[in-house]
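J.: Next up is a structure, given as C-alpha cells.
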Amino acid sequence: MAKIYLDHGATTPLHPEVLEAMKPYLTDLFGNPSSLHSFGREVRKGLEEAREKAAAAIGAEEREIVFTSGGTESDNLAIRGVARAARQRGNHIITSAVEHHAVLDACLGLREEGFDVTVLPVDGYGMVRVSDVEAAITDQTILISIMLANNEVGTLQPVAEIGKIARGRGVVFHTDAVQAIGNLPVNVNDLHCDLLALSAHKHYGPKGVGVLYVRKGTRLKVFNFGGSQERKMRPGTENVPGIIGMGRAIELAVQELDKKADRIRKLRDKLIAGVLEIGDVRLNGHPTERLPGNVNVSVRYVEGESLILSLDLKGIAASSGSACTSGSLDPSHVLLAMGLDHQTAHGSLRLTLGAGNTEEEIDYVLSVMPEIVSRLRSMSPVYAGQRRD
Amino acid sequence: MHKPVYLDNSATTRILPEVAAVMRQVMADSFGNPSSPHRLGLEAERVLHTARRMLAGACGAREAEIFFTSGGTEANNLALKGAALRRVRRGRHLVTTKIEHASVLQACRALEKQGFTVTFLEVDSCGLVDPEQVTAALRPDTVLVSVMHVNNEAGAVQPIAEIGRLLKSRHSGIIFHVDAVQSLGKLPVHPAGWCADLVSFSAHKIHGPKGTGALFCREGLELEPLFHGGGQEKGVRPGTENVAGIAGFGAAVRLCAERREENQVHLAALRQRLLCGILAQIPDTACNGPAAAAPHIASVTFKGVNGEVLMHALEERGIFVSTGSACHSRRPEPSHVLLAMGVAEKDIASTLRFSFSPENTTEEIDYALEQLAELAASLRTLQGRR
C-alpha cells in the first residue's frame, strides 16, 4: 500500500543527518552540561554550537537564543513572560483570532490575571489587517503577538509591517514562527520582532525541543524555577540530544530554502488545482500568500473526519486541521474566524506537503480523492437532499 | 591513563544501549504526532502508551496518573505551583525542607512572591527530616507539603512513608508531594504506600534521555498547568510530546525495574567499599549523611583539601566526580544541603560527591580509592607548605 505523508504541519520526519548528529549524544556524549568535568564540558560545547546554528539561521545573537521543550513552551514563555514583567507599564495585549492555541490560550489565560486582551479578527483569507493592529494599540499596550504563518490554512501574516509598527510604538512584539521556519525566510531583524518561537519537530528535527528568541533587553518573568540553565530563563538539565538535533535541523532547514520551497509550492498548486476540480470544494486561506506546502480545503457535504479515515485507508496521512486539537469535536477556531459556517468548517481537510513528497504521490492522491469524496457524499443525507433540489 | 571512571551519576547517567536503540527506532520510524488522527499518529500514541504503562507499573500507579514533562525541574514546578495555585482559596501555606532540590526551593520562593508563606524545615546532621516536625509545622491554611525522597547531595533517605501517613491521618486535605528524581530505579518507589498525591521523576537520572520526566498525580487531583496550548497530557502539560524521549524513559524504567533489586545490592556494595576505604585509608575524612543512606550517593569531606582542586586532579586521572549538585556548579556558594546539615563552610569546600551507577565495578572503586589516597596526601602536603 502507498505510504504518503501529507501531514507535515503536524510533525515532520526526522532528517537522517539530524539523527546522525544526535547519535553520539545518545551514547558517549552523555554528560550534564552543568558538570565542571570533561564529560560536562564536552557536551556544553555541543550545546553552544547548536545555539550558534540556531542564532545564525534567524539572524540573532547566540545569547538571544533560549532552548525550551518546544513551540508551546516558547509561546507561553514569551507571552506570559513579557506580560508579567511589563505589568507596571500596562495591561493590554493584542493577538489574533487565528493563532495557535499555545498563543491564544496563553493570552486568554492572562485575562484572569487582570490583563485586557484584544483578539483581532481576520479577513476571509485568515489574514490580519495591519490597520486593525495599529488601531488597537493604546498607551496600555505592552505586547503584540501575531503568528508568521498559520498552521491550519497556511496564510502568511504581514508580520514585518506589524513589527515595524510595534517597534515605532514601543510595544514588545512576539511572533510564532513555528510553521514558517524552513518554508520562508525568517530573520528577526527583518521582522522587527522581539520574541520569536520555533519548534524543531516542524522542521525535520526531534520532538521535545524548541527555541525562544529573546531580543537582548527584553524582560521576561519565567514560570519554571530551579538551576541556572539557559541563563535562568529555562531551568532544568538541558535536553542535550534534542538541542543538538535542533541545531542541525535548523541549519539544514534554511539551506537552499528558495529551491526547496519552489519545488513544494509547485506540488501544492497542482494538488490544489486537482482537488478543486472535484467540485463543491472550497480552498481555505489565501491563494498565494500561503505556506508553500499548505493545502486546506472544505469539501462540501463531507465530514472532514471521514475523509481523513478514508485517505488513511489508502495510505495517505492527512488531517482536518491542527493536530493538537484533533481529539476535540469543535470546528477549527481558525476557519470560524475566517467566517466559515460550522458545517463547512467541519468538512475541512488539511494536506501539508514536505521535503519527501513527490509528484507521483500527488498524482496518486488526486487519483483516489474523487472516488472517496463521491462515495462519502453518496452516504450523506445532506448531499442527497441537495441533489433532489 | 585508566579508562574513565564516571562517578557522577547523580548529575546524569549514560543512556543504556537498549534505551538508545529504542529511541533511534522511534525517531526513525514512529515520527507521527500522537495527536494526529491517522495511522502514524496512532502509532506514536501507542509508543506513549507503552511508556506510560512502564512508569505506572514501576510505581504502582494507574496509567491515567502519569503525566510526562520535560524533566524533573518541570515536574517539580508543575507539582508545587500547579497544586498550590489551584488551592489558593483553601490557604496559602506550604511546608518543605531546607535540603530540597533547587527546582522545589525556587518554586517555593516564587510562590512566596505570589503571597504564599513557606516553612522551610531544618534537618538533622545526617540530613534527615523529623516527621513530627513536619506535622508540627502544619497550620489550618497549609495546602501542600513537599519532601524529597532521596537527597541528591548527601543521599539521605527521608522517612517519606511515615510523613505521608502522619499527614494523611491528621489532615487528609493537605497535598503531599515527593521529589523522587534521585530514588527512582534505586529504591522502591510507591506513591500509594507513601500516601503521596504528587511524585516527580526524571529520565536522565536512570540511564534514560535528558529532556524527559514525569509527574505522578493522584487520580482526581486537579492541577493548574504551568502553561497553555493543545490538549496534550489532558491539558496539564500541553505541547507535542517528546515521543522518542518518552519512549526512552519507558525503556529505562523497564530496565531499572527489572534489575532494581540486584542493582540496589550492587550499588550499596560499591558505596560501602568506597566509603570504608576512604575512612580507613585517608586520615581526616568524614562521610556526610546517614549510615543508612541511598545506595548510590556518598558525600565525603576531605578536611584541609580543596574540593575543586581534588576534583580536577581526579579528572586528570580519569575519575569523574562533583563537588555537589550540577545545577549549581557554576555558582561559588556553598551547598545549601550541607549547610543545613551543619557542616562548616570550610569543610563544605573540601567535600566531594561520589554517585554510582550499576555500570560501575569494584575494580573502578579500588582504582578511585588508590588515586584518592595519593592525591589527598599530596594536596595536603602542598597546601601545608603554603
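For the C-alpha cells, the naming scheme is as follows: chains receive sequential letters (A, B, ...) according to their order of presentation, residues are indexed from 1 within each chain, and ligands are indexed from 1 in presentation order.
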Among the residues of range 56-99 of chain B, find those DSSP assigns to helix (DSSP H, G or I) from the backbone and print them as a list of chain:residue names.
T.: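 Filtering range 56-99 of chain B to helix (DSSP H, G or I) leaves B:Ala56, B:Gly57, B:Ala58, B:Glu63, B:Ala64, B:Glu65, B:Gly72, B:Thr73, B:Glu74, B:Ala75, B:Asn76, B:Asn77, B:Leu78, B:Ala79, B:Leu80, B:Lys81, B:Gly82, B:Ala83, B:Ala84, B:Leu85, B:Arg86.
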J.: When you look at Arg259 in chain B with a cut-off of 12 Å (counting only C-alpha atoms), what residues show up, excluding the ones that are within fewer than 6 positions of it in the same chain? I need them as a list in words.
T.: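 What passes the distance filter is Ala58, Gly185, Lys186, Leu187, Pro188, Ile206, Ala252, Val253, Val265, His266, Leu267, Pro358 and Glu359 of chain B.
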J.: Select, from B:Val343, B:Gly239, B:Val309, B:Leu274, the residue with the minimum atom-to-atom distance to Ala102 in chain A, counting only C-alpha atoms.
T.: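 Answer, going by the shortest atom-to-atom distance: B:Gly239.
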J.: May I ask for the distance between CA of Arg265 in chain A and CA of Asn294 in chain A, given in Å to one decimal place?
T.: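 That distance, rounded to one decimal, is 8.6 Å.
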J.: Using only C-alpha atoms, which protein or nucleic acid residues come within 12 Å of Val5 in chain B? Drop anything in the same chain fewer than 4 positions from it, and give the result as a PDB file with N, CA and C atoms, in the first residue's frame.
T.:
```
ATOM      1  N   PHE A  39      33.310  15.464  30.864  1.00  0.00           N
ATOM      2  CA  PHE A  39      32.047  14.937  30.345  1.00  0.00           C
ATOM      3  C   PHE A  39      31.050  16.085  30.153  1.00  0.00           C
TER       4      PHE A  39
ATOM      5  N   MET B   1      46.395   6.238  30.415  1.00  0.00           N
ATOM      6  CA  MET B   1      45.502   6.573  31.526  1.00  0.00           C
ATOM      7  C   MET B   1      44.415   5.509  31.670  1.00  0.00           C
ATOM      8  N   ASN B   9      26.963  10.039  38.757  1.00  0.00           N
ATOM      9  CA  ASN B   9      25.676   9.572  38.239  1.00  0.00           C
ATOM     10  C   ASN B   9      24.458  10.262  38.839  1.00  0.00           C
ATOM     11  N   LEU B 314      41.507  14.487  40.229  1.00  0.00           N
ATOM     12  CA  LEU B 314      40.926  13.164  39.948  1.00  0.00           C
ATOM     13  C   LEU B 314      40.609  13.037  38.467  1.00  0.00           C
ATOM     14  N   GLU B 315      40.091  14.126  37.911  1.00  0.00           N
ATOM     15  CA  GLU B 315      39.728  14.103  36.497  1.00  0.00           C
ATOM     16  C   GLU B 315      40.948  13.807  35.628  1.00  0.00           C
ATOM     17  N   GLU B 316      42.092  14.382  36.018  1.00  0.00           N
ATOM     18  CA  GLU B 316      43.310  14.122  35.258  1.00  0.00           C
ATOM     19  C   GLU B 316      43.674  12.649  35.286  1.00  0.00           C
ATOM     20  N   ARG B 317      43.213  11.969  36.291  1.00  0.00           N
ATOM     21  CA  ARG B 317      43.478  10.524  36.377  1.00  0.00           C
ATOM     22  C   ARG B 317      42.279   9.696  35.923  1.00  0.00           C
ATOM     23  N   GLY B 318      41.353  10.356  35.265  1.00  0.00           N
ATOM     24  CA  GLY B 318      40.248   9.620  34.655  1.00  0.00           C
ATOM     25  C   GLY B 318      39.087   9.319  35.581  1.00  0.00           C
ATOM     26  N   ILE B 319      39.013  10.063  36.701  1.00  0.00           N
ATOM     27  CA  ILE B 319      37.911   9.802  37.640  1.00  0.00           C
ATOM     28  C   ILE B 319      37.022  11.054  37.697  1.00  0.00           C
ATOM     29  N   PHE B 320      35.743  10.842  37.478  1.00  0.00           N
ATOM     30  CA  PHE B 320      34.833  11.984  37.350  1.00  0.00           C
ATOM     31  C   PHE B 320      33.856  12.030  38.505  1.00  0.00           C
ATOM     32  N   VAL B 321      33.972  13.073  39.309  1.00  0.00           N
ATOM     33  CA  VAL B 321      33.080  13.256  40.459  1.00  0.00           C
ATOM     34  C   VAL B 321      32.622  14.708  40.452  1.00  0.00           C
ATOM     35  N   PHE B 354      30.340  11.464  45.410  1.00  0.00           N
ATOM     36  CA  PHE B 354      30.534  10.309  44.539  1.00  0.00           C
ATOM     37  C   PHE B 354      29.154   9.713  44.317  1.00  0.00           C
ATOM     38  N   SER B 355      28.784   9.491  43.076  1.00  0.00           N
ATOM     39  CA  SER B 355      27.486   8.848  42.857  1.00  0.00           C
ATOM     40  C   SER B 355      27.644   7.754  41.815  1.00  0.00           C
ATOM     41  N   PHE B 356      27.053   6.623  42.143  1.00  0.00           N
ATOM     42  CA  PHE B 356      27.346   5.383  41.417  1.00  0.00           C
ATOM     43  C   PHE B 356      26.217   4.970  40.490  1.00  0.00           C
ATOM     44  N   SER B 357      26.605   4.141  39.535  1.00  0.00           N
ATOM     45  CA  SER B 357      25.611   3.533  38.659  1.00  0.00           C
ATOM     46  C   SER B 357      25.877   2.031  38.649  1.00  0.00           C
ATOM     47  N   GLU B 359      26.616   0.345  36.372  1.00  0.00           N
ATOM     48  CA  GLU B 359      27.705   0.051  35.445  1.00  0.00           C
ATOM     49  C   GLU B 359      29.069   0.098  36.115  1.00  0.00           C
ATOM     50  N   ASN B 360      29.165   0.757  37.258  1.00  0.00           N
ATOM     51  CA  ASN B 360      30.461   0.845  37.943  1.00  0.00           C
ATOM     52  C   ASN B 360      30.868  -0.519  38.503  1.00  0.00           C
ATOM     53  N   THR B 361      32.188  -0.717  38.574  1.00  0.00           N
ATOM     54  CA  THR B 361      32.698  -2.008  39.051  1.00  0.00           C
ATOM     55  C   THR B 361      33.540  -1.818  40.317  1.00  0.00           C
ATOM     56  N   THR B 362      33.767  -2.898  41.034  1.00  0.00           N
ATOM     57  CA  THR B 362      34.598  -2.801  42.238  1.00  0.00           C
ATOM     58  C   THR B 362      36.030  -2.428  41.842  1.00  0.00           C
ATOM     59  N   GLU B 363      36.432  -2.876  40.667  1.00  0.00           N
ATOM     60  CA  GLU B 363      37.783  -2.532  40.205  1.00  0.00           C
ATOM     61  C   GLU B 363      37.904  -1.005  40.059  1.00  0.00           C
ATOM     62  N   GLU B 364      36.845  -0.376  39.535  1.00  0.00           N
ATOM     63  CA  GLU B 364      36.860   1.088  39.389  1.00  0.00           C
ATOM     64  C   GLU B 364      36.946   1.766  40.758  1.00  0.00           C
ATOM     65  N   ILE B 365      36.208   1.215  41.711  1.00  0.00           N
ATOM     66  CA  ILE B 365      36.205   1.789  43.056  1.00  0.00           C
ATOM     67  C   ILE B 365      37.612   1.671  43.660  1.00  0.00           C
ATOM     68  N   ASP B 366      38.228   0.538  43.459  1.00  0.00           N
ATOM     69  CA  ASP B 366      39.569   0.350  44.012  1.00  0.00           C
ATOM     70  C   ASP B 366      40.564   1.326  43.382  1.00  0.00           C
ATOM     71  N   TYR B 367      40.404   1.524  42.076  1.00  0.00           N
ATOM     72  CA  TYR B 367      41.275   2.477  41.396  1.00  0.00           C
ATOM     73  C   TYR B 367      41.047   3.889  41.956  1.00  0.00           C
ATOM     74  N   ALA B 368      39.768   4.252  42.114  1.00  0.00           N
ATOM     75  CA  ALA B 368      39.435   5.576  42.640  1.00  0.00           C
ATOM     76  C   ALA B 368      40.023   5.747  44.045  1.00  0.00           C
ATOM     77  N   LEU B 369      39.930   4.716  44.856  1.00  0.00           N
ATOM     78  CA  LEU B 369      40.431   4.769  46.231  1.00  0.00           C
ATOM     79  C   LEU B 369      41.930   5.031  46.252  1.00  0.00           C
ATOM     80  N   GLN B 371      43.778   6.356  43.931  1.00  0.00           N
ATOM     81  CA  GLN B 371      44.104   7.705  43.478  1.00  0.00           C
ATOM     82  C   GLN B 371      43.739   8.745  44.521  1.00  0.00           C
TER      83      GLN B 371
END
```
J.: Work out how far apart CA of Glu64 in chain A and CA of Val214 in chain A are and give it in Å to one decimal.
T.: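 Atom-to-atom, CA of Glu64 in chain A and CA of Val214 in chain A are spaced 5.0 Å apart.
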J.: Considering only C-alpha atoms, return as a ChimeraX atom specification whatever protein or nucleic-acid residues lie within 9 Å of Ser299 in chain B, sequence-local ones (same chain, fewer than 3 positions apart) excluded.
T.: /B:153-155,286-289,323-324,351-355
J.: Find the spatial neighbours of Asp341 in chain A, counting only C-alpha atoms, within a cut-off of 12 Å - ignore same-chain residues fewer than 6 positions away - and output them as a PDB file with N, CA, C and O atoms, in the first residue's frame.
T.:
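Wrote part19.pdb, looks like this:
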```pdb
ATOM      1  N   GLY A 124     -11.346  37.109   5.138  1.00  0.00           N
ATOM      2  CA  GLY A 124     -11.802  35.813   4.656  1.00  0.00           C
ATOM      3  C   GLY A 124     -10.671  34.842   4.332  1.00  0.00           C
ATOM      4  O   GLY A 124     -10.872  33.636   4.258  1.00  0.00           O
ATOM      5  N   SER A 298     -12.297  22.849   2.124  1.00  0.00           N
ATOM      6  CA  SER A 298     -13.539  22.340   2.694  1.00  0.00           C
ATOM      7  C   SER A 298     -14.265  21.598   1.585  1.00  0.00           C
ATOM      8  O   SER A 298     -14.526  22.157   0.521  1.00  0.00           O
ATOM      9  N   ARG A 300     -17.530  20.096   0.549  1.00  0.00           N
ATOM     10  CA  ARG A 300     -18.927  20.214   0.986  1.00  0.00           C
ATOM     11  C   ARG A 300     -19.619  18.861   1.030  1.00  0.00           C
ATOM     12  O   ARG A 300     -19.322  17.969   0.256  1.00  0.00           O
ATOM     13  N   PRO A 331     -15.351  22.672  15.774  1.00  0.00           N
ATOM     14  CA  PRO A 331     -14.726  23.019  14.495  1.00  0.00           C
ATOM     15  C   PRO A 331     -13.551  23.959  14.734  1.00  0.00           C
ATOM     16  O   PRO A 331     -13.460  24.593  15.777  1.00  0.00           O
ATOM     17  N   SER A 332     -12.676  24.019  13.765  1.00  0.00           N
ATOM     18  CA  SER A 332     -11.470  24.834  13.868  1.00  0.00           C
ATOM     19  C   SER A 332     -11.772  26.308  14.175  1.00  0.00           C
ATOM     20  O   SER A 332     -12.578  26.934  13.503  1.00  0.00           O
ATOM     21  N   HIS A 333     -11.116  26.830  15.179  1.00  0.00           N
ATOM     22  CA  HIS A 333     -11.313  28.250  15.521  1.00  0.00           C
ATOM     23  C   HIS A 333     -10.791  29.152  14.413  1.00  0.00           C
ATOM     24  O   HIS A 333     -11.235  30.280  14.251  1.00  0.00           O
ATOM     25  N   VAL A 334      -9.841  28.622  13.646  1.00  0.00           N
ATOM     26  CA  VAL A 334      -9.268  29.419  12.560  1.00  0.00           C
ATOM     27  C   VAL A 334     -10.302  29.596  11.446  1.00  0.00           C
ATOM     28  O   VAL A 334     -10.555  30.710  10.970  1.00  0.00           O
ATOM     29  N   LEU A 335     -10.919  28.477  11.061  1.00  0.00           N
ATOM     30  CA  LEU A 335     -11.904  28.544   9.974  1.00  0.00           C
ATOM     31  C   LEU A 335     -13.121  29.374  10.392  1.00  0.00           C
ATOM     32  O   LEU A 335     -13.662  30.129   9.589  1.00  0.00           O
ATOM     33  N   GLY A 347     -16.076  20.215   7.386  1.00  0.00           N
ATOM     34  CA  GLY A 347     -15.673  19.461   6.210  1.00  0.00           C
ATOM     35  C   GLY A 347     -14.270  19.778   5.754  1.00  0.00           C
ATOM     36  O   GLY A 347     -13.909  19.512   4.613  1.00  0.00           O
ATOM     37  N   SER A 348     -13.453  20.355   6.644  1.00  0.00           N
ATOM     38  CA  SER A 348     -12.139  20.796   6.184  1.00  0.00           C
ATOM     39  C   SER A 348     -11.129  19.668   6.207  1.00  0.00           C
ATOM     40  O   SER A 348     -11.180  18.754   7.032  1.00  0.00           O
TER      41      SER A 348
END
```
J.: Tell me which of A:Val98, A:Leu313, A:Ile272, A:Ile144 sits closest to chain B, counting only C-alpha atoms.
T.: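 The closest residue to chain B is A:Leu313.
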J.: Which residues, written as a list in words, have at least one atom at most 6 Å from range 205-210 of chain A, with only C-alpha atoms counted and residues fewer than 6 positions away on the same chain left out?
T.: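 Residues meeting the cut-off are Leu14, Phe67, Thr68, Ser69, Gly70, Gly71, Leu198, Ser199, Gly242, Gly245, Met246 and Ala249 of chain A; Asn242 of chain B.
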J.: Would you write out those residues with C-alpha atoms, as an mmCIF file, in the first residue's frame?
T.:
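Heads up, here's the output in part_16.cif:
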```cif
data_model
loop_
_atom_site.group_PDB
_atom_site.id
_atom_site.type_symbol
_atom_site.label_atom_id
_atom_site.label_comp_id
_atom_site.auth_asym_id
_atom_site.auth_seq_id
_atom_site.Cartn_x
_atom_site.Cartn_y
_atom_site.Cartn_z
ATOM 1 C CA LEU A 14 13.493 13.359 11.365
ATOM 2 C CA PHE A 67 16.219 26.432 24.257
ATOM 3 C CA THR A 68 12.868 25.202 25.508
ATOM 4 C CA SER A 69 10.880 21.968 25.391
ATOM 5 C CA GLY A 70 9.044 23.061 22.250
ATOM 6 C CA GLY A 71 6.890 25.618 20.492
ATOM 7 C CA LEU A 198 10.375 27.844 16.951
ATOM 8 C CA SER A 199 9.821 24.118 17.276
ATOM 9 C CA GLY A 242 17.272 17.241 21.305
ATOM 10 C CA GLY A 245 19.219 17.785 16.754
ATOM 11 C CA MET A 246 17.513 21.149 16.622
ATOM 12 C CA ALA A 249 17.841 20.641 11.723
ATOM 13 C CA ASN B 242 8.728 14.295 23.127
#
```
J.: If DSSP is run on the backbone, what residues of range 163-364 of chain B are strand (DSSP E)? A reply as a PyMOL selection string would be ideal.
T.: chain B and resi 175-179+198-202+213-217+285-288+297-302+319-320+351-355
J.: My list of candidates is B:Leu184, B:Ile160, B:Ala79, B:Leu55. Which is closest to chain A when distances are computed with only C-alpha atoms?
T.: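 Nearest to chain A: B:Ala79.
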J.: Kindly indicate which residue among A:Ala197, A:Ile146, A:Val128, A:Ala57 lies nearest to Asp75 in chain A, using only C-alpha atoms for the distances.
T.: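 So, comparing all the options, the nearest one is A:Ala197.
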J.: Using only C-alpha atoms, pick whichever of B:Ser146, B:Thr96, B:Asn152, B:Thr240 has the shortest atom-to-atom distance to chain A.
T.: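 Ranked by minimum distance to chain A, first place goes to B:Thr240.
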J.: Would you please work out which residue, of A:Ala345, A:Ala273, A:Ala106, A:Val171, is nearest to Leu226 in chain B when using only C-alpha atoms?
T.: A:Ala106
